[in-house]
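Student: Just dropping this structure here.
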Amino acid sequence: MIMSFAAFAQEISVSGNVTDDTGFPIPGANIIEKGTNKGVITDFDGNFIINNVKKGATLTFSYIGYTTQNVVIGSNSNLKIILKQDLAQLEEVVVVGYGTQKKSVVTGAISGVKESELEDLPITRVEQTLQGRVSGVTIASNSGQPGSSSTVRIRGITTLGSNEPLWVVDGVVVDAGGIGYLNQSDIASVEVLKDAASQAIYGARAATGVILITTKKGKSGKLSINYNGYTGVSSAAKKLDLLNATQYTTLLNEKSVNGGGSILFSNPQSYGEGTDWQSEIFNNNAQRTSHELSLSGGNDVSKYYASFGYTDQEGIVLSEISKYTRKNIRLNSTHNISDKLRFGQTIGFSNEKNKGIGNTNSEFGGPLASAINLDPLTPTVETDPTKASLAPYTNNGAFRDANGNPYGISSLVAQEISNPLAYQQTLLGNSSWSDNFVGNAYVEYEPIKGLTFRSTLGAKLAYWGYQNYTPVSYLNASSIVTQNNISRGTNKGFGWNIENIVSYAKSINKHNFNILLGQGAYVDNITSGETVTYYNIPVDSYKDASFNYSVATDQINASASTGVEHRVTSLFSRLTYNFDEKYLLTAIIRRDGSSRFGTNNKYGYFPSFSAGWVPSKEEFWKDNEVINQLKIRGGYGVTGNDNIGDFQYLSTVGGGRDYTIGTTGSVTIGSSPDAPSNPDLKWEETSQLNIGFDSRLFQRFNVAFDWYKKETTGILQSVTIPGYVGAVGSPTGNVADMKNTGIDLEVGYNKQFNEVNFSLNGNVSYLENEVTFLGNGVDFLSGGESIQSSTYPITRTQVGQAVNSFYGFKTNGIFQNQAEIDAYVNSSGTVIQPNARPGDFKWKDLDDDGNIDADDRTFLGSSIPKFTFGITLNMDYKNFDFMVFAQGASGNKIFQGLRRLDIENANYQTTALGRWVGEGTSNSFPRLTSNDSNNNFSNPSDFYLEDGDYLRFKTIQVGYTVPSKIVSKYHIDKLRIYFTAENLFTFTKYSGYDPEIGGGVFGIDRGYYPQAKTNQIGINLQF
């Protein structure tokens, strides 16, 4: 007992405070008892307490950017530790593709976000990590449906085809559609290569930009366990102001009379408010939950990082058919086999399941389009037994609620617009799913100092599919399903790459250089898929639907497909040189060969060159308090794009060209060439000039500025050929050019005010896009984006304009009386709109021919934002922390196409209450009439265009970290509780749900699923 008591007496509790050499406390510093796994971290005030420390033991104090300090514990149990800055560690390292560089010597335009900027943020998809945090990147959500992707554009629109950037995760290329597998808590850094001088190392697939993602790795030291979880509720941030039943019947009466009809509703006041369809579809208590657990640790030989994640999110629109779940597992490790041989691997797995409402930005049905267009007279449920016993409720497939009452069916509004509660019944039990495995393994050998050989094998294996049950249904006279079916689709996709790299780094006096040589082979689109549908299975509910039922052979429909492999083979090299980190140089050359081009142009060469000068390191530069550091840089490079269909350079043969020969009526199966070949088809080439500087001002401001000019030539497009050629399709050629010019600016500021730490980081980008060539003699591309019942397309791509600019008629007010109609003449005195009526739009006769026709259309604005911006404010005081993140865009237009033009009785927004009803009543909203001979509403015009400017407070977070002296008693290193509000405020003049509308063409609102407003509470635990 005496010996045990003596041993116990040698263990003491050690407490103290850790600061930097200015006396500022260091929160999060690591304290570990050497030779054990026992350790803690400091709280916000730099305080710590570690129990049961043996006298004579050594405590190791460490923090990133500071020199590690070891202290032997004697009789003093209250320590004052001062850590000094380690200038070598403080130098920020940037991932540049096939390696890293110190930020101080980077000559390209690279921006990114780090792990510390993403911690505790409620981000579901990786695209959201960049929005508003990185200059030169425009991001717009494709839908507020949980799990939906975002549209990402790096420095504008680069091509007329796909503009998705190249995503590279730990060296593995991941398609844009599959990047959602990532868990943001696993991300260590995200770097965006914005200029060609940086992108050229990825050559043929880099023209639309490159995003490099590095996942977390283990660190030496004790086992670290981290848990982060939150739960919250989401709701709709906004409802549209739609007409109630009284207003609706009043306007329909007026519309009918103006069109020569009669009064439709004798007593509009009797209808009251009517049905608020938006309240029926929006769930203001949609649940959202996330749990993330990670373990990391290791020693000088092996390090590991493992994580597990679970996300469950309900949508705010009909939550029963709008839900997303994701499960993640990750294991990363590195191993030093010897002092010369290293091995490492990363592997991530995700399982995703998605229930979707169907249309998330479409005027052709779905819950949102129906809630907007459906009349307020139709009840959600018909409770009158007399009406419920009559047509249309007696039709087979008319849905009923749990009480046996039929869901209301409108007699005024039909086609795809239906009762959203009944529509929901058609999608119950339907879901899509995906399983993704993405990983790589590498071996690295360093025979002599500075010389490294590295071989990497990466792969992505994906399985995805869906299972749907379609019941017999009667939604209205236009939406009828007479036989049920169950369908299933399964797909498999595989891609792999292998890269072999040798690099040599050497410093001779003040000369520092690094040479990299590499070879790569890349194969993707190894895909296959099968679908099967059984019709007329003997069930009435999705719960009973199964493929185990036997059905007749003619009630089975099945198909299968196989993808065409896309192969790229590459050689690449990079030279980086600097003299005393004062004069900087980077040169890159890459040669790519693609299976998508013929022998005449199978290979492409993509060079780049960039240089920098750091005048603040020159002897003539005097220390001053204004410009503390300055680096001037510039670069030029060429990148490529092979993102087209396979075999476009060949004349492929297609089937389905059947023909009846003779008099027997028998059909002969026929095949013929699809289109003429083009053996000269070659790469799109995007060249980019970038000039910029990085500086530090007044010891507090960090500034990065870039100006760029990006030009794409030889854009791959279908070539129109004469009909006498006899081809059913068009060949592909290099026929168009485009340019983007812009400015990127990033500014950071940080300062300590007594006990308050304050930092402010912001960025703003300016962009101009212009189509410069569309082919010899071609001024514009035919077609364009369309919207239902519009007399013409609503966009046009034309030389001298931004791609897909809005195109239509310009209004010039409203005719107030017949005299104005008669007085509206062209320069020759011809009355321009003789058939107009008072209350109709006055269209501008731009060609002055005295007639309003297609030639009077003009460009009305661009959907591409001219400015994008973001700002992040961080503050902490003692144990409290506060963060505000806001982002936005401006300089773009939105086409507000929410109302169905082809449905005469579709509902209106309340702006229609300001319509023209007599002389002087309105000069902006025309009269309502059932006989719109002036095309007031069917002409695409500036009437439908609204400013898309917005500023959104994306995230507001308040947190509190419990003092370590309290939590250390329970062997907890850190306990933080936080509250987060997402999308709390959006400042915009746009009248739709949400001004942030992504897609192939930004800013076309057909009934966009809005982003949710969310309130959450979370906890972060670290052991």
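As shown in the structure tokens, the chain order sets the letters A, B, ...; within each chain, residues go from 1, and ligands are also counted from 1 in the order they appear.
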For the contact check between region 599-669 of chain A and region 566-575 of chain A, emit one row per residue of region 599-669 of chain A within 12 Å, containing the shortest atom pair and the distance in Å rounded to one decimal, counting only C-alpha atoms, chain then rising number order, as a Markdown table.

Tutor:
```
| residue | atom | partner | partner_atom | distance |
| --- | --- | --- | --- | --- |
| A:Lys602 | CA | A:Val568 | CA | 9.9 |
| A:Tyr603 | CA | A:Thr569 | CA | 9.1 |
| A:Gly604 | CA | A:Ser570 | CA | 9.7 |
| A:Tyr605 | CA | A:Phe572 | CA | 9.6 |
| A:Phe606 | CA | A:Phe572 | CA | 9.2 |
| A:Pro607 | CA | A:Phe572 | CA | 9.6 |
| A:Ser608 | CA | A:Arg574 | CA | 9.4 |
| A:Phe609 | CA | A:Leu575 | CA | 9.6 |
| A:Ser610 | CA | A:Leu575 | CA | 10.5 |
| A:Ala611 | CA | A:Leu575 | CA | 11.5 |
| A:Asn641 | CA | A:Val568 | CA | 11.8 |
| A:Asp642 | CA | A:Val568 | CA | 9.7 |
| A:Asn643 | CA | A:His566 | CA | 10.0 |
| A:Ile644 | CA | A:His566 | CA | 10.4 |
| A:Gly645 | CA | A:His566 | CA | 9.6 |
| A:Asp646 | CA | A:His566 | CA | 7.7 |
| A:Phe647 | CA | A:His566 | CA | 10.3 |
```

Student: Which residues are near Ile894 (chain A)? Cut-off 8 Å, only C-alpha atoms, ignore same chain within fewer than 6 positions. Put them as a list in words.

Tutor: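 Counting only C-alpha atoms, the residues come to Ser863, Leu945, Glu946, Asp947, Gly948, Pro995, Phe1002, Gly1003, Ile1004 and Asp1005 of chain A.
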
Student: Quick one: residues within 12 Å of Glu119 (chain A), only C-alpha atoms, excluding same-chain residues fewer than 6 positions away - as a list in words?

Tutor: Val113, Thr129, Asn183, Gln184, Ser185, Asp186, Ile187, Ala188, Ser189, Asn226, Tyr227, Asn228, Gly229, Glu292, Met883, Gln957, Arg976, Tyr978, Gly1018, Ile1019 and Asn1020 of chain A

Student: Those residues with C-alpha atoms, as a PDB file, in the first residue's frame please?

Tutor:
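Once written, again-v9.pdb looks like this:
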```
ATOM      1  CA  VAL A 113     -10.492  27.289 -49.269  1.00  0.00           C
ATOM      2  CA  THR A 129     -17.704  25.268 -50.272  1.00  0.00           C
ATOM      3  CA  ASN A 183     -18.417  14.578 -47.349  1.00  0.00           C
ATOM      4  CA  GLN A 184     -17.243  18.150 -46.733  1.00  0.00           C
ATOM      5  CA  SER A 185     -15.873  17.197 -43.306  1.00  0.00           C
ATOM      6  CA  ASP A 186     -13.294  15.001 -45.071  1.00  0.00           C
ATOM      7  CA  ILE A 187     -11.915  17.884 -47.141  1.00  0.00           C
ATOM      8  CA  ALA A 188      -8.518  19.331 -46.204  1.00  0.00           C
ATOM      9  CA  SER A 189      -8.388  21.866 -49.034  1.00  0.00           C
ATOM     10  CA  ASN A 226     -13.813  14.169 -33.474  1.00  0.00           C
ATOM     11  CA  TYR A 227     -17.607  14.243 -33.641  1.00  0.00           C
ATOM     12  CA  ASN A 228     -19.650  16.942 -35.287  1.00  0.00           C
ATOM     13  CA  GLY A 229     -23.414  16.753 -35.489  1.00  0.00           C
ATOM     14  CA  GLU A 292     -19.877  12.969 -38.661  1.00  0.00           C
ATOM     15  CA  MET A 883     -19.397  34.092 -38.105  1.00  0.00           C
ATOM     16  CA  GLN A 957     -23.288  31.055 -36.811  1.00  0.00           C
ATOM     17  CA  ARG A 976     -18.345  23.423 -28.671  1.00  0.00           C
ATOM     18  CA  TYR A 978     -23.244  26.258 -31.929  1.00  0.00           C
ATOM     19  CA  GLY A1018     -24.983  21.539 -33.376  1.00  0.00           C
ATOM     20  CA  ILE A1019     -22.246  20.152 -31.186  1.00  0.00           C
ATOM     21  CA  ASN A1020     -18.566  19.494 -31.776  1.00  0.00           C
TER      22      ASN A1020
END
```

Student: Could you go through region 761-810 of chain A and tell me which residues DSSP, when run on the backbone, assigns to strand (DSSP E), listing them as a PyMOL selection string?

Tutor: chain A and resi 761-773+795-796+805-808

Student: Enumerate, in order of chain and increasing residue number, the residues of region 120-209 of chain A with an atom no farther than 9 Å from region 754-773 of chain A, each with its shortest atom pair and distance in Å to one decimal, counting only C-alpha atoms, as JSON lines.

Tutor:
```
{"residue": "A:Gly132", "atom": "CA", "partner": "A:Asn763", "partner_atom": "CA", "distance": 7.4}
{"residue": "A:Arg133", "atom": "CA", "partner": "A:Asn763", "partner_atom": "CA", "distance": 7.0}
{"residue": "A:Val134", "atom": "CA", "partner": "A:Asn763", "partner_atom": "CA", "distance": 6.8}
{"residue": "A:Ser135", "atom": "CA", "partner": "A:Asn763", "partner_atom": "CA", "distance": 5.6}
{"residue": "A:Gly136", "atom": "CA", "partner": "A:Ser765", "partner_atom": "CA", "distance": 5.5}
{"residue": "A:Val137", "atom": "CA", "partner": "A:Ser765", "partner_atom": "CA", "distance": 8.1}
{"residue": "A:Thr138", "atom": "CA", "partner": "A:Ser765", "partner_atom": "CA", "distance": 8.9}
{"residue": "A:Arg155", "atom": "CA", "partner": "A:Leu767", "partner_atom": "CA", "distance": 7.2}
{"residue": "A:Gly156", "atom": "CA", "partner": "A:Asn769", "partner_atom": "CA", "distance": 6.7}
{"residue": "A:Ile157", "atom": "CA", "partner": "A:Asn769", "partner_atom": "CA", "distance": 7.0}
{"residue": "A:Thr158", "atom": "CA", "partner": "A:Asn769", "partner_atom": "CA", "distance": 8.9}
```

Student: What is the distance, in Å and to one decimal place, between CA of Arg205 (chain A) and CA of Gln801 (chain A)?

Tutor: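 Atom-to-atom, CA of Arg205 (chain A) and CA of Gln801 (chain A) are spaced 25.8 Å apart.
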
Student: So that I can check the surroundings of Thr325 (chain A), please list as a count of residues only every protein, DNA and RNA residue that reaches within 9 Å of it, counting only C-alpha atoms and ignoring chain neighbours fewer than 5 positions away.

Tutor: 11

Student: For Gly897 (chain A), work out the shell of residues within 8 Å, counting only C-alpha atoms and skipping chain neighbours fewer than 6 positions away, then give it as a PDB file with N, CA, C and O atoms, in the first residue's frame.

Tutor:
```pdb
ATOM      1  N   GLU A 363     -42.204  24.363 -66.279  1.00  0.00           N
ATOM      2  CA  GLU A 363     -43.573  24.853 -66.339  1.00  0.00           C
ATOM      3  C   GLU A 363     -44.561  23.741 -66.637  1.00  0.00           C
ATOM      4  O   GLU A 363     -45.775  23.929 -66.550  1.00  0.00           O
ATOM      5  N   ILE A 787     -39.693  28.730 -74.083  1.00  0.00           N
ATOM      6  CA  ILE A 787     -40.600  28.568 -72.961  1.00  0.00           C
ATOM      7  C   ILE A 787     -41.994  28.406 -73.544  1.00  0.00           C
ATOM      8  O   ILE A 787     -42.288  28.918 -74.636  1.00  0.00           O
ATOM      9  N   TYR A 944     -41.051  40.337 -69.214  1.00  0.00           N
ATOM     10  CA  TYR A 944     -40.759  39.157 -68.402  1.00  0.00           C
ATOM     11  C   TYR A 944     -39.386  39.205 -67.735  1.00  0.00           C
ATOM     12  O   TYR A 944     -39.047  38.315 -66.951  1.00  0.00           O
ATOM     13  N   ILE A1004     -33.453  31.331 -65.949  1.00  0.00           N
ATOM     14  CA  ILE A1004     -34.777  31.106 -66.543  1.00  0.00           C
ATOM     15  C   ILE A1004     -35.629  30.415 -65.488  1.00  0.00           C
ATOM     16  O   ILE A1004     -35.384  29.263 -65.128  1.00  0.00           O
ATOM     17  N   ASP A1005     -36.620  31.134 -64.989  1.00  0.00           N
ATOM     18  CA  ASP A1005     -37.447  30.639 -63.886  1.00  0.00           C
ATOM     19  C   ASP A1005     -38.757  30.106 -64.437  1.00  0.00           C
ATOM     20  O   ASP A1005     -39.637  30.860 -64.841  1.00  0.00           O
ATOM     21  N   ARG A1006     -38.885  28.788 -64.430  1.00  0.00           N
ATOM     22  CA  ARG A1006     -40.094  28.135 -64.919  1.00  0.00           C
ATOM     23  C   ARG A1006     -40.950  27.601 -63.766  1.00  0.00           C
ATOM     24  O   ARG A1006     -41.985  26.978 -64.002  1.00  0.00           O
ATOM     25  N   GLY A1007     -40.478  27.809 -62.555  1.00  0.00           N
ATOM     26  CA  GLY A1007     -41.114  27.245 -61.368  1.00  0.00           C
ATOM     27  C   GLY A1007     -40.050  26.587 -60.519  1.00  0.00           C
ATOM     28  O   GLY A1007     -40.117  25.403 -60.175  1.00  0.00           O
TER      29      GLY A1007
END
```

Student: List the neighbours of region 47-54 of chain A out to 8 Å using only C-alpha atoms; skip same-chain residues closer than 4 positions along the sequence, and give me the result as a list in words.

Tutor: Gln10, Glu11, Ile12, Ser13, Val14, Ser15, Gly16, Asn17, Val18, Pro27, Glu33, Gly39, Val40, Ile41, Thr42, Asp43, Ile73, Ser964, Lys965 and Ser968 of chain A

Student: Among region 695-844 of chain A, which residues does DSSP mark as alpha helix (DSSP H) when it is run on the backbone? Keep the chain and numbering as in the structure and answer as an NGL selection string.

Tutor: :A and (818-823)

Student: Would you put the residues from that selection into a file with N, CA, C and O atoms, as a PDB file, in the first residue's frame?

Tutor:
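Contents of the output file out-v2.pdb:
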```pdb
ATOM      1  N   GLN A 818     -57.307  55.326 -78.157  1.00  0.00           N
ATOM      2  CA  GLN A 818     -57.219  55.085 -79.588  1.00  0.00           C
ATOM      3  C   GLN A 818     -56.360  56.132 -80.286  1.00  0.00           C
ATOM      4  O   GLN A 818     -55.672  55.844 -81.274  1.00  0.00           O
ATOM      5  N   ALA A 819     -56.364  57.346 -79.755  1.00  0.00           N
ATOM      6  CA  ALA A 819     -55.566  58.409 -80.371  1.00  0.00           C
ATOM      7  C   ALA A 819     -54.083  58.060 -80.341  1.00  0.00           C
ATOM      8  O   ALA A 819     -53.345  58.346 -81.300  1.00  0.00           O
ATOM      9  N   GLU A 820     -53.637  57.451 -79.268  1.00  0.00           N
ATOM     10  CA  GLU A 820     -52.223  57.064 -79.192  1.00  0.00           C
ATOM     11  C   GLU A 820     -51.908  55.971 -80.201  1.00  0.00           C
ATOM     12  O   GLU A 820     -50.814  55.942 -80.777  1.00  0.00           O
ATOM     13  N   ILE A 821     -52.857  55.060 -80.416  1.00  0.00           N
ATOM     14  CA  ILE A 821     -52.635  54.000 -81.407  1.00  0.00           C
ATOM     15  C   ILE A 821     -52.497  54.614 -82.797  1.00  0.00           C
ATOM     16  O   ILE A 821     -51.592  54.270 -83.570  1.00  0.00           O
ATOM     17  N   ASP A 822     -53.396  55.536 -83.096  1.00  0.00           N
ATOM     18  CA  ASP A 822     -53.364  56.169 -84.421  1.00  0.00           C
ATOM     19  C   ASP A 822     -52.124  57.025 -84.615  1.00  0.00           C
ATOM     20  O   ASP A 822     -51.650  57.199 -85.749  1.00  0.00           O
ATOM     21  N   ALA A 823     -51.602  57.579 -83.534  1.00  0.00           N
ATOM     22  CA  ALA A 823     -50.441  58.468 -83.631  1.00  0.00           C
ATOM     23  C   ALA A 823     -49.113  57.718 -83.627  1.00  0.00           C
ATOM     24  O   ALA A 823     -48.061  58.329 -83.874  1.00  0.00           O
TER      25      ALA A 823
END
```

Student: How far is it from CA of Ser234 (chain A) to CA of Asn283 (chain A), in Å with one decimal?

Tutor: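 These two atoms are separated by 7.9 Å.
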
Student: At what distance in Å, to one decimal, does CA of Ala704 (chain A) lie from CA of Ala109 (chain A)?

Tutor: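 Between CA of Ala109 (chain A) and CA of Ala704 (chain A) the gap is 9.2 Å.
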
Student: If we count only C-alpha atoms, what is near Asp994 (chain A) at a cut-off of 6 Å, once residues fewer than 2 positions away on the same chain are taken out, given as a PDB file with C-alpha atoms, in the first residue's frame?

Tutor:
```pdb
ATOM      1  CA  GLY A 992     -39.922  34.860 -57.946  1.00  0.00           C
ATOM      2  CA  GLU A 996     -30.200  32.111 -57.743  1.00  0.00           C
ATOM      3  CA  PRO A1010     -36.285  27.453 -53.935  1.00  0.00           C
TER       4      PRO A1010
END
```

Student: Given the choices A:Ser550, A:Thr562, A:Ser695, A:Gln798, which gets closest to Lys492 (chain A) if the distance is worked out from only C-alpha atoms?

Tutor: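 Looking only at the distances to Lys492 (chain A), the closest residue turns out to be A:Thr562.
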
Student: For Gly1000 (chain A), which of A:Ser294, A:Ile321, A:Gly784, A:Lys239 is the closest residue, counting only C-alpha atoms?

Tutor: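 Using only C-alpha atoms, the shortest distance to Gly1000 (chain A) belongs to A:Gly784.
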
Student: Go through A:Thr100, A:Thr531, A:Ser431, A:Ser319 one by one, measure the shortest atom-to-atom distance of each to Thr490 (chain A) using only C-alpha atoms, and give the residue with the smallest value.

Tutor: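 Ranked by minimum distance to Thr490 (chain A), first place goes to A:Thr531.
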
Student: Please determine, counting only C-alpha atoms, which residue among A:Ser111, A:Gln199, A:Thr527, A:Ser503 has the shortest atom-to-atom distance to Asp744 (chain A).

Tutor: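 Ranking A:Ser111, A:Gln199, A:Thr527, A:Ser503 by distance to Asp744 (chain A), first place goes to A:Ser111.
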
Student: For region 673-698 of chain A versus region 736-740 of chain A, which residues have an atom no more than 10 Å away, and what is each residue's nearest atom pair and distance in Å rounded to one decimal, using only C-alpha atoms, chain-then-number order, as CSV?

Tutor:
```
residue,atom,partner,partner_atom,distance
A:Glu684,CA,A:Asp737,CA,9.3
A:Glu685,CA,A:Asp737,CA,9.5
A:Thr686,CA,A:Lys739,CA,9.0
A:Ser687,CA,A:Lys739,CA,9.4
A:Gln688,CA,A:Asn740,CA,9.2
```

Student: Any chance you could export the current selection's C-alpha atoms as a PDB file, in the first residue's frame?

Tutor:
```pdb
ATOM      1  CA  GLU A 684     -11.073  23.147 -78.907  1.00  0.00           C
ATOM      2  CA  GLU A 685      -8.261  25.418 -77.726  1.00  0.00           C
ATOM      3  CA  THR A 686      -8.621  27.976 -74.964  1.00  0.00           C
ATOM      4  CA  SER A 687      -5.777  30.459 -74.562  1.00  0.00           C
ATOM      5  CA  GLN A 688      -5.618  32.743 -71.560  1.00  0.00           C
TER       6      GLN A 688
END
```
